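K.L.:
Structure below; questions to follow.
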Amino acid sequence: MKLLSAQYPIWFCDIWGVVHDGYKPFINTCTTLAKHREAGGITILVTNSPRTSKGVEQQLDGIGVARDCYDGVVTSGDVTRTLMLQRGGGKLYHVGPARDDSIFDGLAVKRVELNEATSVLCTGLYDELNETPADYLPLLHQIKQLGLTMISANPDKIVRKGTQLIYCAGALAEEFQKIGGTVLMAGKPFTPIYDLAVSTAEKLRGKSITKSQILAIGDGPETDIKGAADYGLPCVLITGGINSGENVLAEVQRSVPSAQILKSLPELDWT
């Protein structure tokens with residue numbers, strides 16, 4: 001990674017499954033991110049978390065991820081707030097846990113009951129440790145019958161929390177689409193979150209940057225890797241976590257044939 005740091009001064013790094021597992025940091029990765037910054041690089045953590053960047057920073061503090069690992073955080077929650085204002089109609093029904101409430105902070109949007117809503121905001125499952133998307137099918141059908149659009153604040157479908165795979169908002173969005181519902185998303189792999197990451201990096205650096213200076217790092221084929229490929233960025237694939245099996249790299253390359261994968265590693269290593 002030391003050579004990639006010299007070639008790509010700007011790193012867009014995923015968080016969950018790359019920087020931590022939901023409970024504890026990955027030490028090698030955190031050390032490598034810190035060394036990249038010590039060498040003059042900039043690291044922007046780009047995550048599909050439905051929380052705001054401030055909320056994610058607080059979460060990272062609680063998990064034990066040191067602030068010297070990163071320069072800034074850009075979240076799916078940040079870019080989803082624009083959709084909430086533009087497409088929410090001022091009244092949103094919230095599907096998701098209370099810990100995601102920061103996404104509403106400072107917005108001229110009311111949380112209302114389903115029969116009063118003009119759109120639905122989904123940040124995740126209420127109890128992701130014990131529920132599955134199947135538990136939400138009656139609610140999803142009700143949302144569809146009301147003709148409401150779902151704004152999904154997290155395109156991720158699953159993440160690994162410790163040793164357990166848990167469902168995310170993207171899994172509910174997928175089920176809603178299967179029954180003919182309309183879903184709006186702005187996190188990875190979509191352009192808005194990358195545009196915001198570029199803008200954040202430029203503010204930190206004090207000058208414009210080009211895509212040729214950026215390296216993406218992530219573990220999600222449908223989000224991190226596809227998003228990097230669609231945005232024209234080379235990437236490092238983190239294996240393990242949600243990616244398992246002997247032929248992970250080949251499988252990811254088959255699923256995202258346009259991806260420019262420079263390395264595949266279980267964790268970032270500065271050597």
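By order in the structure tokens, chains are A, B, ...; within a chain, residues start at 1; ligands start at 1, following the order shown.
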Write out as a list in words the residues lying within 10 Å of A:Ile63, counting only C-alpha atoms and excluding same-chain residues fewer than 4 positions away.
P.N.:
His20, Asp21, Gly22, Tyr23, Lys24, Pro25, Glu57, Gln58 and Gln59 of chain A
K.L.:
Enumerate the residues of stretch 125-229 of chain A with a DSSP assignment of helix (DSSP H, G or I), computed from the backbone, and present them as an mmCIF file with C-alpha atoms, in the first residue's frame.
P.N.:
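Printed below is out09.cif as written:
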```cif
data_model
loop_
_atom_site.group_PDB
_atom_site.id
_atom_site.type_symbol
_atom_site.label_atom_id
_atom_site.label_comp_id
_atom_site.auth_asym_id
_atom_site.auth_seq_id
_atom_site.Cartn_x
_atom_site.Cartn_y
_atom_site.Cartn_z
ATOM 1 C CA PRO A 133 -36.647 -8.630 5.359
ATOM 2 C CA ALA A 134 -39.422 -11.260 5.390
ATOM 3 C CA ASP A 135 -40.708 -9.713 8.632
ATOM 4 C CA TYR A 136 -41.323 -6.455 6.741
ATOM 5 C CA LEU A 137 -43.337 -7.780 3.800
ATOM 6 C CA PRO A 138 -46.746 -6.714 5.219
ATOM 7 C CA LEU A 139 -45.423 -3.181 5.811
ATOM 8 C CA LEU A 140 -43.813 -3.034 2.351
ATOM 9 C CA HIS A 141 -47.085 -4.060 0.710
ATOM 10 C CA GLN A 142 -48.895 -1.383 2.700
ATOM 11 C CA ILE A 143 -46.386 1.245 1.547
ATOM 12 C CA LYS A 144 -46.864 0.077 -2.041
ATOM 13 C CA GLN A 145 -50.660 0.240 -1.764
ATOM 14 C CA ALA A 169 -31.792 -0.921 4.448
ATOM 15 C CA GLY A 170 -30.738 -2.023 0.966
ATOM 16 C CA ALA A 171 -32.247 -5.451 1.609
ATOM 17 C CA LEU A 172 -35.629 -3.882 2.414
ATOM 18 C CA ALA A 173 -35.321 -1.643 -0.649
ATOM 19 C CA GLU A 174 -34.662 -4.718 -2.798
ATOM 20 C CA GLU A 175 -37.792 -6.451 -1.482
ATOM 21 C CA PHE A 176 -39.820 -3.286 -2.080
ATOM 22 C CA GLN A 177 -38.615 -3.132 -5.671
ATOM 23 C CA LYS A 178 -39.569 -6.787 -6.163
ATOM 24 C CA THR A 191 -22.592 9.320 -8.131
ATOM 25 C CA PRO A 192 -23.742 11.849 -5.470
ATOM 26 C CA ILE A 193 -21.725 10.328 -2.621
ATOM 27 C CA TYR A 194 -18.538 10.303 -4.725
ATOM 28 C CA ASP A 195 -19.093 13.899 -5.809
ATOM 29 C CA LEU A 196 -19.420 14.885 -2.144
ATOM 30 C CA ALA A 197 -16.263 12.927 -1.274
ATOM 31 C CA VAL A 198 -14.327 14.751 -4.008
ATOM 32 C CA SER A 199 -15.634 18.116 -2.792
ATOM 33 C CA THR A 200 -14.635 17.238 0.788
ATOM 34 C CA ALA A 201 -11.139 16.197 -0.273
ATOM 35 C CA GLU A 202 -10.681 19.394 -2.300
ATOM 36 C CA LYS A 203 -11.637 21.537 0.690
ATOM 37 C CA LEU A 204 -9.146 19.697 2.877
ATOM 38 C CA ARG A 205 -6.391 19.919 0.268
ATOM 39 C CA LYS A 211 -9.879 11.181 -10.536
ATOM 40 C CA SER A 212 -6.411 9.950 -11.469
ATOM 41 C CA GLN A 213 -5.293 10.911 -7.937
ATOM 42 C CA PRO A 221 -18.966 -5.757 -4.866
ATOM 43 C CA GLU A 222 -22.370 -4.132 -5.509
ATOM 44 C CA THR A 223 -21.520 -0.892 -3.729
ATOM 45 C CA ASP A 224 -17.810 -0.149 -3.187
ATOM 46 C CA ILE A 225 -16.404 -1.913 -6.245
ATOM 47 C CA LYS A 226 -19.208 -1.091 -8.682
ATOM 48 C CA GLY A 227 -19.308 2.492 -7.417
ATOM 49 C CA ALA A 228 -15.572 2.918 -7.972
ATOM 50 C CA ALA A 229 -15.811 1.375 -11.444
#
```
K.L.:
Quick check for you: according to DSSP on this backbone, which residues of stretch 190-255 of chain A are classed as strand (DSSP E or B)? Reply as a list in words.
P.N.:
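Filtering stretch 190-255 of chain A down to strand (DSSP E or B) leaves Ile214, Leu215, Ala216, Ile217, Gly218, Cys235, Val236, Leu237, Ile238, Gly240 and Asn243 of chain A.
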K.L.:
Between A:Gly106, A:Leu129, A:Asp100, A:Asn115, single out the one closest to A:Lys161, counting only C-alpha atoms.
P.N.:
A:Leu129
K.L.:
Pick the closest to A:Arg67 from A:Arg37, A:Arg81, A:Lys91, A:Lys188: which is it, counting only C-alpha atoms?
P.N.:
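Comparing A:Arg37, A:Arg81, A:Lys91, A:Lys188 against A:Arg67, the winner is A:Arg37.
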K.L.:
Give me the residues of stretch 151-198 of chain A that have any atom at most 8 Å from an atom of stretch 82-89 of chain A; for each, the nearest atom pair and the distance in Å, rounded to one decimal. Use only C-alpha atoms, sort by chain and number, and format it as JSON lines.
P.N.:
```
{"residue": "A:Ile151", "atom": "CA", "partner": "A:Leu83", "partner_atom": "CA", "distance": 7.4}
{"residue": "A:Leu184", "atom": "CA", "partner": "A:Leu83", "partner_atom": "CA", "distance": 7.9}
{"residue": "A:Ala186", "atom": "CA", "partner": "A:Leu83", "partner_atom": "CA", "distance": 7.8}
```
K.L.:
Store the residues picked out above in a file with N, CA and C atoms, as a PDB file, in the first residue's frame.
P.N.:
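So the final result, stored in part.pdb, reads:
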```pdb
ATOM      1  N   ILE A 151     -37.250   6.152   0.174  1.00  0.00           N
ATOM      2  CA  ILE A 151     -35.902   6.700   0.111  1.00  0.00           C
ATOM      3  C   ILE A 151     -35.034   5.819   0.998  1.00  0.00           C
ATOM      4  N   LEU A 184     -35.489   5.353  -4.144  1.00  0.00           N
ATOM      5  CA  LEU A 184     -34.464   6.355  -4.448  1.00  0.00           C
ATOM      6  C   LEU A 184     -33.280   6.136  -3.517  1.00  0.00           C
ATOM      7  N   ALA A 186     -28.869   7.405  -2.893  1.00  0.00           N
ATOM      8  CA  ALA A 186     -27.779   8.306  -3.293  1.00  0.00           C
ATOM      9  C   ALA A 186     -26.422   7.868  -2.776  1.00  0.00           C
TER      10      ALA A 186
END
```
K.L.:
Which residue out of A:Thr182, A:Thr163, A:Asn28, A:Thr132 has the minimum interatomic distance to A:Thr149 when only C-alpha atoms are used?
P.N.:
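Checking each of A:Thr182, A:Thr163, A:Asn28, A:Thr132 against A:Thr149, counting only C-alpha atoms, the winner is A:Thr182.
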